[in-house]
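A.B. asks: protein-v9.txt is reproduced below (compact mmCIF, C-alpha atoms and all ligand atoms).
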# COMPACT_ATOMS: atom_id res chain seq x y z
CA MET A 125 178.26 -174.06 -4.98
CA PRO A 126 181.09 -175.80 -6.84
CA ASP A 127 183.57 -173.78 -8.84
CA THR A 128 182.97 -174.99 -12.41
CA SER A 129 185.57 -172.69 -13.94
CA VAL A 130 188.77 -173.84 -15.63
CA ARG A 131 191.96 -171.94 -16.43
CA ILE A 132 193.62 -172.40 -19.80
CA GLY A 133 196.69 -170.23 -20.07
CA SER A 134 195.65 -166.67 -19.31
CA LEU A 135 191.99 -167.43 -19.91
CA VAL A 136 189.49 -168.46 -17.25
CA LEU A 137 186.45 -170.19 -18.73
CA LYS A 138 183.28 -170.16 -16.63
CA ASN A 139 182.90 -173.88 -17.28
CA PRO A 140 184.78 -176.46 -19.37
CA VAL A 141 182.26 -176.70 -22.24
CA LEU A 142 183.21 -175.11 -25.58
CA ALA A 143 181.48 -175.21 -28.95
CA ALA A 144 183.90 -176.78 -31.44
CA SER A 145 185.07 -175.02 -34.57
CA GLY A 146 183.02 -175.69 -37.68
CA THR A 147 179.93 -176.90 -35.85
CA PHE A 148 178.67 -173.65 -34.39
CA GLY A 149 179.36 -171.04 -37.08
CA PHE A 150 180.04 -167.83 -35.19
CA GLY A 151 177.43 -168.58 -32.55
CA GLY A 152 174.62 -166.37 -33.90
CA ASP A 153 172.31 -169.16 -35.09
CA TYR A 154 172.53 -170.98 -31.77
CA ALA A 155 171.99 -167.71 -29.87
CA ARG A 156 168.45 -167.75 -31.31
CA LEU A 157 167.86 -171.13 -29.62
CA TYR A 158 169.40 -170.54 -26.20
CA ASP A 159 171.55 -168.19 -24.16
CA VAL A 160 175.00 -169.15 -25.43
CA SER A 161 176.62 -167.16 -22.62
CA ARG A 162 176.01 -170.33 -20.59
CA LEU A 163 178.89 -171.97 -22.47
CA GLY A 164 182.51 -171.75 -21.44
CA GLY A 165 183.37 -170.44 -24.89
CA ILE A 166 182.82 -170.59 -28.63
CA VAL A 167 185.47 -171.57 -31.16
CA SER A 168 184.78 -169.93 -34.53
CA LYS A 169 184.66 -171.67 -37.89
CA ALA A 170 188.20 -171.72 -39.32
CA ILE A 171 189.17 -168.31 -40.71
CA THR A 172 191.57 -167.99 -43.62
CA LEU A 173 193.28 -164.89 -44.99
CA ARG A 174 191.03 -164.79 -48.04
CA PRO A 175 187.42 -166.00 -48.39
CA ARG A 176 187.02 -169.65 -49.37
CA ALA A 177 184.05 -171.21 -51.14
CA GLY A 178 184.81 -174.71 -49.84
CA ASN A 179 184.47 -178.04 -51.61
CA PRO A 180 181.70 -178.93 -54.06
CA PRO A 181 178.73 -180.88 -52.69
CA PRO A 182 178.07 -183.34 -51.22
CA ARG A 183 179.96 -182.25 -48.15
CA LEU A 184 178.31 -184.33 -45.44
CA TRP A 185 177.73 -188.07 -45.27
CA GLU A 186 176.19 -189.90 -42.35
CA THR A 187 177.75 -193.15 -41.15
CA PRO A 188 176.70 -195.43 -38.27
CA CYS A 189 177.21 -193.28 -35.15
CA GLY A 190 179.27 -190.80 -37.14
CA LEU A 191 179.45 -188.03 -39.71
CA LEU A 192 181.92 -187.60 -42.53
CA ASN A 193 182.52 -184.05 -43.72
CA SER A 194 184.32 -182.51 -46.64
CA ILE A 195 183.58 -178.83 -46.12
CA GLY A 196 186.89 -177.49 -47.38
CA LEU A 197 187.21 -174.52 -45.00
CA GLU A 198 184.38 -172.44 -46.39
CA ASN A 199 184.53 -169.10 -44.59
CA PRO A 200 184.16 -165.37 -45.33
CA GLY A 201 187.88 -164.59 -44.95
CA LEU A 202 189.68 -162.48 -42.37
CA GLU A 203 188.46 -159.02 -43.48
CA ALA A 204 184.78 -159.94 -43.38
CA PHE A 205 185.26 -161.86 -40.14
CA LEU A 206 186.83 -158.82 -38.47
CA ALA A 207 184.22 -156.43 -39.84
CA GLU A 208 181.05 -158.48 -39.35
CA GLU A 209 181.38 -161.65 -37.33
CA LEU A 210 183.86 -160.80 -34.57
CA PRO A 211 181.86 -157.82 -33.24
CA ARG A 212 178.78 -160.07 -33.04
CA MET A 213 180.72 -162.87 -31.36
CA ARG A 214 181.97 -160.45 -28.71
CA GLU A 215 178.36 -159.65 -27.81
CA LEU A 216 177.55 -163.28 -26.96
CA GLY A 217 178.82 -163.07 -23.38
CA THR A 218 181.28 -165.92 -23.49
CA ALA A 219 184.92 -166.52 -24.39
CA VAL A 220 185.75 -166.02 -28.07
CA ILE A 221 188.35 -168.35 -29.56
CA VAL A 222 189.19 -167.83 -33.22
CA ASN A 223 190.24 -170.89 -35.21
CA VAL A 224 192.64 -170.07 -38.08
CA TRP A 225 194.03 -171.98 -41.04
CA GLY A 226 196.94 -170.82 -43.18
CA GLU A 227 198.56 -171.98 -46.40
CA ASP A 228 202.02 -171.76 -44.79
CA PRO A 229 203.66 -170.62 -41.51
CA GLU A 230 203.84 -166.98 -42.67
CA GLU A 231 200.11 -166.91 -43.41
CA TYR A 232 199.36 -168.33 -39.95
CA GLY A 233 201.61 -165.59 -38.56
CA GLU A 234 199.73 -162.87 -40.42
CA LEU A 235 196.38 -164.24 -39.28
CA VAL A 236 197.30 -164.36 -35.60
CA SER A 237 198.97 -160.95 -35.76
CA ARG A 238 195.85 -159.33 -37.23
CA LEU A 239 193.66 -161.17 -34.73
CA SER A 240 195.60 -159.80 -31.77
CA LEU A 241 192.69 -157.64 -30.76
CA PRO A 242 190.71 -157.01 -27.57
CA GLY A 243 187.83 -159.48 -27.40
CA VAL A 244 189.77 -162.31 -29.01
CA ASP A 245 190.41 -164.49 -25.96
CA ALA A 246 192.56 -167.12 -27.64
CA ILE A 247 193.51 -168.32 -31.11
CA GLU A 248 193.25 -171.96 -32.13
CA LEU A 249 195.73 -172.94 -34.85
CA ASN A 250 194.03 -175.47 -37.09
CA LEU A 251 196.84 -177.85 -38.03
CA SER A 252 194.41 -180.64 -38.69
CA CYS A 253 192.00 -180.11 -41.58
CA PRO A 254 191.69 -183.31 -43.64
CA ASN A 255 189.81 -181.53 -46.45
CA VAL A 256 192.52 -179.48 -48.17
CA ARG A 257 194.70 -181.61 -50.39
CA GLY A 258 198.29 -181.90 -49.21
CA LYS A 259 198.24 -178.92 -46.84
CA GLY A 260 195.86 -179.53 -43.97
CA LEU A 261 197.52 -182.07 -41.73
CA VAL A 262 200.57 -180.11 -40.53
CA GLY A 263 199.98 -181.40 -37.00
CA GLU A 264 200.91 -184.93 -38.04
CA ASN A 265 204.51 -183.77 -38.29
CA PRO A 266 206.53 -182.43 -35.30
CA GLU A 267 208.92 -180.23 -37.35
CA ALA A 268 206.16 -178.66 -39.42
CA THR A 269 204.12 -178.08 -36.26
CA ALA A 270 207.04 -176.38 -34.53
CA ARG A 271 207.59 -174.07 -37.52
CA VAL A 272 204.00 -172.82 -37.52
CA VAL A 273 203.78 -172.42 -33.74
CA ALA A 274 207.13 -170.60 -33.56
CA VAL A 275 206.10 -168.08 -36.24
CA CYS A 276 202.77 -167.50 -34.51
CA ARG A 277 204.39 -167.18 -31.08
CA ARG A 278 206.55 -164.36 -32.44
CA ALA A 279 203.53 -162.71 -34.06
CA THR A 280 201.19 -162.47 -31.06
CA ASP A 281 200.94 -162.35 -27.27
CA LYS A 282 197.57 -164.12 -27.43
CA ASP A 283 197.13 -167.60 -26.03
CA LEU A 284 197.71 -170.15 -28.80
CA TRP A 285 195.77 -173.40 -28.77
CA VAL A 286 197.07 -175.93 -31.28
CA LYS A 287 194.46 -178.26 -32.77
CA PHE A 288 195.86 -181.60 -33.84
CA PRO A 289 194.69 -184.32 -36.15
CA PRO A 290 194.20 -187.71 -34.50
CA GLN A 291 196.68 -189.47 -36.79
CA GLY A 292 200.42 -189.12 -37.41
CA GLU A 293 203.17 -188.31 -34.91
CA VAL A 294 200.79 -186.38 -32.73
CA LEU A 295 202.43 -187.01 -29.36
CA GLN A 296 205.80 -185.82 -30.66
CA ALA A 297 204.13 -182.92 -32.48
CA ALA A 298 202.35 -181.84 -29.29
CA ARG A 299 205.68 -181.81 -27.44
CA ALA A 300 207.15 -179.75 -30.30
CA ALA A 301 204.22 -177.32 -30.05
CA GLN A 302 204.84 -176.92 -26.32
CA GLN A 303 208.51 -176.14 -26.91
CA ALA A 304 207.62 -173.64 -29.63
CA GLY A 305 205.33 -171.68 -27.33
CA ALA A 306 201.83 -173.18 -27.52
CA THR A 307 199.47 -172.43 -24.63
CA ALA A 308 197.21 -175.47 -24.95
CA ILE A 309 196.72 -178.61 -27.00
CA SER A 310 193.36 -179.16 -28.65
CA ALA A 311 192.75 -182.80 -29.55
CA ALA A 312 191.53 -183.82 -31.84
CA ASN A 313 190.08 -183.02 -35.22
CA THR A 314 188.33 -185.63 -37.36
CA TYR A 315 189.68 -188.99 -38.53
CA ARG A 316 190.41 -189.37 -42.25
CA GLY A 317 187.61 -191.52 -43.61
CA LEU A 318 186.01 -192.63 -46.86
CA ALA A 319 182.55 -193.47 -48.18
CA ILE A 320 181.83 -194.96 -51.63
CA GLU A 321 178.62 -194.66 -53.64
CA LEU A 322 177.49 -198.17 -54.59
CA GLU A 323 175.73 -197.09 -57.80
CA THR A 324 178.77 -195.39 -59.29
CA GLY A 325 181.62 -197.04 -57.40
CA ARG A 326 183.06 -193.56 -56.80
CA PRO A 327 183.93 -191.89 -53.50
CA VAL A 328 181.00 -189.72 -52.41
CA PHE A 329 183.22 -186.67 -51.91
CA ALA A 330 185.04 -184.90 -54.73
CA ASN A 331 188.18 -185.02 -52.54
CA ALA A 332 187.53 -188.71 -51.80
CA ILE A 333 188.76 -188.54 -48.19
CA GLY A 334 186.69 -186.68 -45.60
CA GLY A 335 186.83 -186.25 -41.83
CA LEU A 336 184.92 -188.59 -39.49
CA SER A 337 183.42 -187.21 -36.27
CA GLY A 338 180.68 -188.18 -33.83
CA PRO A 339 180.20 -190.89 -31.19
CA ALA A 340 181.94 -193.45 -33.44
CA ILE A 341 185.31 -191.85 -32.67
CA LYS A 342 184.86 -191.12 -28.95
CA PRO A 343 186.96 -193.97 -27.51
CA LEU A 344 189.75 -193.11 -29.96
CA SER A 345 189.77 -189.42 -29.04
CA LEU A 346 189.57 -190.28 -25.35
CA ARG A 347 192.63 -192.51 -25.69
CA LEU A 348 194.50 -189.71 -27.46
CA VAL A 349 193.68 -187.18 -24.72
CA TYR A 350 194.76 -189.72 -22.10
CA GLU A 351 198.13 -190.13 -23.87
CA LEU A 352 198.64 -186.44 -24.68
CA SER A 353 198.00 -185.33 -21.13
CA GLN A 354 200.89 -187.56 -20.07
CA VAL A 355 203.41 -186.19 -22.56
CA VAL A 356 202.79 -182.42 -22.31
CA SER A 357 202.45 -180.16 -19.30
CA LEU A 358 200.04 -177.84 -21.13
CA PRO A 359 196.26 -177.96 -20.69
CA VAL A 360 194.62 -180.40 -23.11
CA ILE A 361 191.23 -179.60 -24.60
CA GLY A 362 189.41 -182.76 -25.63
CA SER A 363 187.04 -183.25 -28.54
CA GLY A 364 185.75 -186.13 -30.61
CA GLY A 365 182.32 -187.67 -30.17
CA ILE A 366 181.36 -185.86 -26.97
CA VAL A 367 177.55 -185.83 -26.83
CA SER A 368 176.72 -186.18 -23.12
CA TRP A 369 177.96 -184.85 -19.79
CA GLN A 370 179.12 -188.39 -19.02
CA ASP A 371 181.37 -188.27 -22.10
CA ALA A 372 182.74 -184.93 -20.90
CA VAL A 373 183.50 -186.33 -17.42
CA GLU A 374 185.40 -189.21 -19.03
CA PHE A 375 187.55 -186.72 -20.96
CA ILE A 376 188.26 -184.75 -17.78
CA MET A 377 189.14 -187.98 -15.97
CA ALA A 378 191.48 -188.77 -18.87
CA GLY A 379 193.24 -185.44 -18.27
CA ALA A 380 191.34 -182.80 -20.25
CA HIS A 381 190.93 -179.30 -18.84
CA ALA A 382 188.02 -178.53 -21.15
CA VAL A 383 185.98 -180.22 -23.87
CA GLN A 384 184.63 -179.16 -27.23
CA VAL A 385 181.22 -180.25 -28.48
CA GLY A 386 181.15 -180.66 -32.26
CA THR A 387 178.88 -183.14 -34.02
CA GLY A 388 176.81 -183.23 -30.81
CA ASN A 389 175.48 -179.78 -31.80
CA PHE A 390 174.04 -181.29 -34.98
CA ILE A 391 172.48 -184.27 -33.18
CA ASP A 392 170.88 -182.00 -30.58
CA PRO A 393 171.29 -178.22 -30.84
CA LEU A 394 170.89 -178.05 -27.05
CA CYS A 395 173.64 -180.61 -26.48
CA ALA A 396 176.24 -178.09 -25.19
CA PRO A 397 174.05 -176.36 -22.56
CA LYS A 398 172.82 -179.79 -21.43
CA LEU A 399 176.47 -180.71 -20.83
CA VAL A 400 177.00 -177.53 -18.80
CA ARG A 401 174.01 -178.42 -16.60
CA GLY A 402 174.99 -182.08 -16.29
CA LEU A 403 178.57 -181.27 -15.34
CA ARG A 404 177.53 -178.83 -12.62
CA LYS A 405 175.09 -181.43 -11.22
CA PHE A 406 177.86 -184.03 -11.29
CA LEU A 407 180.10 -181.81 -9.15
CA VAL A 408 177.27 -181.08 -6.70
CA GLN A 409 176.18 -184.72 -6.37
CA ARG A 410 179.75 -185.92 -5.86
CA GLY A 411 180.42 -183.15 -3.34
CA LEU A 412 183.35 -181.88 -5.43
CA GLY A 413 184.32 -178.22 -5.09
CA SER A 414 186.08 -178.04 -8.47
CA TRP A 415 187.52 -180.18 -11.27
CA GLU A 416 190.92 -180.58 -9.58
CA LEU A 417 190.25 -183.88 -7.82
CA ILE A 418 189.00 -185.74 -10.86
CA ARG A 419 191.06 -184.17 -13.67
CA GLY A 420 193.40 -186.87 -14.89
CA CYS A 421 192.33 -189.29 -12.13
CA ALA A 422 192.40 -192.15 -14.68
CA HIS A 423 196.20 -191.80 -14.60
CA ARG A 424 196.30 -192.05 -10.83
CA GLY A 425 194.30 -195.20 -10.23
CA GLY A 426 190.92 -193.46 -10.24
CA ILE A 427 189.13 -191.18 -7.79
CA SER A 428 190.84 -191.42 -4.42
CA GLY A 429 188.56 -193.12 -1.91
CA ALA A 430 186.31 -194.67 -4.60
CA ALA A 431 185.48 -198.35 -3.97
C1 LIG B 1 186.47 -178.13 -43.14
O1 LIG B 1 186.09 -176.96 -43.27
O2 LIG B 1 186.82 -178.81 -44.11
C2 LIG B 1 186.51 -178.76 -41.79
C3 LIG B 1 187.46 -178.06 -40.92
C4 LIG B 1 188.44 -178.95 -40.28
O3 LIG B 1 188.30 -180.18 -40.27
O4 LIG B 1 189.41 -178.43 -39.76
Turn the structure described in the file into structure tokens.
C.D. replies:
Amino acid sequence: MPDTSVRIGSLVLKNPVLAASGTFGFGGDYARLYDVSRLGGIVSKAITLRPRAGNPPPRLWETPCGLLNSIGLENPGLEAFLAEELPRMRELGTAVIVNVWGEDPEEYGELVSRLSLPGVDAIELNLSCPNVRGKGLVGENPEATARVVAVCRRATDKDLWVKFPPQGEVLQAARAAQQAGATAISAANTYRGLAIELETGRPVFANAIGGLSGPAIKPLSLRLVYELSQVVSLPVIGSGGIVSWQDAVEFIMAGAHAVQVGTGNFIDPLCAPKLVRGLRKFLVQRGLGSWELIRGCAHRGGISGAA
């Protein structure tokens, strides 16, 4: 049997398939559909210090092969998460990664400090939300990224994954995150996008700009993972339009250690476990004992021995 596991920092995931933040809630709804312990891990909806109601509707807008969202970080806040959601997440039998968003570096620090609890396997710093005016896209800037990661590194011993936006000085910012103590790079969040209502001539979202996800962005995210995995020595976790095991293999070949399924969960709620199955079958059929031989092979002229 192949070894499907992957190591990211101190964490060993049973396989490289994670549910992406904001597309899986806290896992409970999906646990009614299938055994979510089959996944490598679940990344929670972004948690903020205080509860947030999010943006006014509409918040979702379908585009060809994509989905624009303007959720605005709706979540129950840290206290309610710790009291109600985290205990339930811990029961799901897979790795628990908590995504956090703060107003400033100190708030990120407080969040990660208070989340330094048994059963929290890693913390993903959301430096990439396009839906909060003026404050969400910290990861576009290397200095701002370094400030947040440094504060968080001092505040916790937990593994810190840093989730980047796909735009801005991301390669430099990822290097800055590595120097400041990040454990892994998570790439990437949604692309800033716009839709306009023809009847009114107004943007469909109250905030105008939303975040584009889904198959439409896959080649762009794949390119970013390919580039990031060349400029940092940390594990890179790929996301952006992954809906099939073939997509996931491409990300691994581009250099990713793991992948996150986001919009794919909305297209097919069984998308993530299908990826787990497909990836295992891929290893078996190719006679590969683990991911080592193919991870990043696109940088090395492909799979050695392939015609
Ligand atoms: C949101 O809640 O607005 C989406 C979260 C994100 O893009 O980080």
A.B. asks: Taking all atoms listed in the file into account, which of A:Leu239, A:Phe150, A:Glu248, A:Val136 comes nearest A:Glu208?
C.D. replies: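 Closest to A:Glu208, using all atoms listed in the file: A:Phe150.
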A.B. asks: Determine the nearest neighbour of A:Gly226 from the options A:Val272, A:Trp369, A:Gly263, A:Gly305, counting all atoms listed in the file.
C.D. replies: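 That would be A:Val272, the residue with the smallest distance to A:Gly226.
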A.B. asks: I'd like to know which of A:Leu394, A:Val355, A:Leu192, A:Ala207 is closest to ligand LIG 1 (chain B), using all atoms listed in the file.
C.D. replies: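 Of all the options, A:Leu192 lies closest to ligand LIG 1 (chain B).
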A.B. asks: Quick one: residues within 8 Å of stretch 418-430 of chain A, all atoms listed in the file counted, chain neighbours fewer than 2 positions away excluded, as a PyMOL selection string?
C.D. replies: chain A and resi 350+353+376-381+415-416
A.B. asks: How would the residues just picked look written out with C-alpha atoms as a PDB file, in the coordinates of the input?
C.D. replies:
ATOM      1  CA  TYR A 350     194.760-189.720 -22.100  1.00  0.00           C
ATOM      2  CA  SER A 353     198.000-185.330 -21.130  1.00  0.00           C
ATOM      3  CA  ILE A 376     188.260-184.750 -17.780  1.00  0.00           C
ATOM      4  CA  MET A 377     189.140-187.980 -15.970  1.00  0.00           C
ATOM      5  CA  ALA A 378     191.480-188.770 -18.870  1.00  0.00           C
ATOM      6  CA  GLY A 379     193.240-185.440 -18.270  1.00  0.00           C
ATOM      7  CA  ALA A 380     191.340-182.800 -20.250  1.00  0.00           C
ATOM      8  CA  HIS A 381     190.930-179.300 -18.840  1.00  0.00           C
ATOM      9  CA  TRP A 415     187.520-180.180 -11.270  1.00  0.00           C
ATOM     10  CA  GLU A 416     190.920-180.580  -9.580  1.00  0.00           C
TER      11      GLU A 416
END
A.B. asks: For A:Glu234, which residue out of A:Leu173, A:Ala332, A:Val222, A:Lys287 is the nearest one, using only C-alpha atoms?
C.D. replies: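 Closest to A:Glu234 of all the choices is A:Leu173.
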A.B. asks: Which polymer residues, protein or nucleic acid, are no farther than 10 Å from (189.9, -167.4, -27.8), counting all atoms listed in the file, as a list in words?
C.D. replies: Leu135, Gly165, Ile166, Val167, Ser168, Thr218, Ala219, Val220, Ile221, Val222, Asn223, Gly243, Val244, Asp245, Ala246, Ile247, Glu248, Lys282, Asp283, Leu284 and Trp285 of chain A
A.B. asks: Store the residues picked out above, limited to C-alpha atoms, as a compact mmCIF listing (two decimals), in the coordinates of the input.
C.D. replies:
# COMPACT_ATOMS: atom_id res chain seq x y z
CA LEU A 135 191.99 -167.43 -19.91
CA GLY A 165 183.37 -170.44 -24.89
CA ILE A 166 182.82 -170.59 -28.63
CA VAL A 167 185.47 -171.57 -31.16
CA SER A 168 184.78 -169.93 -34.53
CA THR A 218 181.28 -165.92 -23.49
CA ALA A 219 184.92 -166.52 -24.39
CA VAL A 220 185.75 -166.02 -28.07
CA ILE A 221 188.35 -168.35 -29.56
CA VAL A 222 189.19 -167.83 -33.22
CA ASN A 223 190.24 -170.89 -35.21
CA GLY A 243 187.83 -159.48 -27.40
CA VAL A 244 189.77 -162.31 -29.01
CA ASP A 245 190.41 -164.49 -25.96
CA ALA A 246 192.56 -167.12 -27.64
CA ILE A 247 193.51 -168.32 -31.11
CA GLU A 248 193.25 -171.96 -32.13
CA LYS A 282 197.57 -164.12 -27.43
CA ASP A 283 197.13 -167.60 -26.03
CA LEU A 284 197.71 -170.15 -28.80
CA TRP A 285 195.77 -173.40 -28.77
A.B. asks: Determine, for each residue of chain A having at least one atom at most 9 Å from an atom of ligand LIG 1 (chain B), the closest pair of atoms and their separation in Å to one decimal, counting all atoms listed in the file; order by chain and ascending number, as JSON lines.
C.D. replies:
{"residue": "A:Ser145", "atom": "CA", "partner": "B:LIG1", "partner_atom": "C3", "distance": 7.4}
{"residue": "A:Gly146", "atom": "CA", "partner": "B:LIG1", "partner_atom": "C3", "distance": 6.0}
{"residue": "A:Lys169", "atom": "CA", "partner": "B:LIG1", "partner_atom": "C3", "distance": 7.6}
{"residue": "A:Ala170", "atom": "CA", "partner": "B:LIG1", "partner_atom": "C3", "distance": 6.6}
{"residue": "A:Gly178", "atom": "CA", "partner": "B:LIG1", "partner_atom": "O1", "distance": 7.1}
{"residue": "A:Asn179", "atom": "CA", "partner": "B:LIG1", "partner_atom": "O2", "distance": 7.9}
{"residue": "A:Arg183", "atom": "CA", "partner": "B:LIG1", "partner_atom": "O2", "distance": 8.7}
{"residue": "A:Asn193", "atom": "CA", "partner": "B:LIG1", "partner_atom": "O2", "distance": 6.8}
{"residue": "A:Ser194", "atom": "CA", "partner": "B:LIG1", "partner_atom": "O2", "distance": 5.1}
{"residue": "A:Ile195", "atom": "CA", "partner": "B:LIG1", "partner_atom": "O2", "distance": 3.8}
{"residue": "A:Gly196", "atom": "CA", "partner": "B:LIG1", "partner_atom": "O2", "distance": 3.5}
{"residue": "A:Leu197", "atom": "CA", "partner": "B:LIG1", "partner_atom": "O1", "distance": 3.2}
{"residue": "A:Glu198", "atom": "CA", "partner": "B:LIG1", "partner_atom": "O1", "distance": 5.8}
{"residue": "A:Asn199", "atom": "CA", "partner": "B:LIG1", "partner_atom": "O1", "distance": 8.1}
{"residue": "A:Asn223", "atom": "CA", "partner": "B:LIG1", "partner_atom": "O4", "distance": 8.8}
{"residue": "A:Trp225", "atom": "CA", "partner": "B:LIG1", "partner_atom": "O4", "distance": 8.0}
{"residue": "A:Asn250", "atom": "CA", "partner": "B:LIG1", "partner_atom": "O4", "distance": 6.1}
{"residue": "A:Leu251", "atom": "CA", "partner": "B:LIG1", "partner_atom": "O4", "distance": 7.7}
{"residue": "A:Ser252", "atom": "CA", "partner": "B:LIG1", "partner_atom": "O4", "distance": 5.6}
{"residue": "A:Cys253", "atom": "CA", "partner": "B:LIG1", "partner_atom": "O4", "distance": 3.6}
{"residue": "A:Pro254", "atom": "CA", "partner": "B:LIG1", "partner_atom": "O3", "distance": 5.7}
{"residue": "A:Asn255", "atom": "CA", "partner": "B:LIG1", "partner_atom": "O2", "distance": 4.7}
{"residue": "A:Val256", "atom": "CA", "partner": "B:LIG1", "partner_atom": "O2", "distance": 7.0}
{"residue": "A:Gly260", "atom": "CA", "partner": "B:LIG1", "partner_atom": "O4", "distance": 7.8}
{"residue": "A:Lys287", "atom": "CA", "partner": "B:LIG1", "partner_atom": "O4", "distance": 8.6}
{"residue": "A:Pro289", "atom": "CA", "partner": "B:LIG1", "partner_atom": "O3", "distance": 8.7}
{"residue": "A:Asn313", "atom": "CA", "partner": "B:LIG1", "partner_atom": "O3", "distance": 6.1}
{"residue": "A:Thr314", "atom": "CA", "partner": "B:LIG1", "partner_atom": "O3", "distance": 6.2}
{"residue": "A:Gly334", "atom": "CA", "partner": "B:LIG1", "partner_atom": "O2", "distance": 8.0}
{"residue": "A:Gly335", "atom": "CA", "partner": "B:LIG1", "partner_atom": "O3", "distance": 6.4}
A.B. asks: What is the atom CA of A:Ser161 to atom CA of A:Gly388 distance in Å?
C.D. replies: 18.0 Å
A.B. asks: Which polymer residues have any atom within 8 Å of an atom of A:Phe205, counting only C-alpha atoms, with same-chain residues fewer than 5 positions away left out, as a PyMOL selection string?
C.D. replies: chain A and resi 171+200+210
A.B. asks: Can you pull out the residues contacting stretch 322-328 of chain A? Cut-off 9 Å, using only C-alpha atoms, and skip same-chain residues under 3 positions away; I want them as number ranges by chain.
C.D. replies: A: 182-183, 185, 318-319, 331-333
A.B. asks: Interatomic distance between atom CA of A:Ser337 and atom CA of A:Gly364?
C.D. replies: 6.2 Å
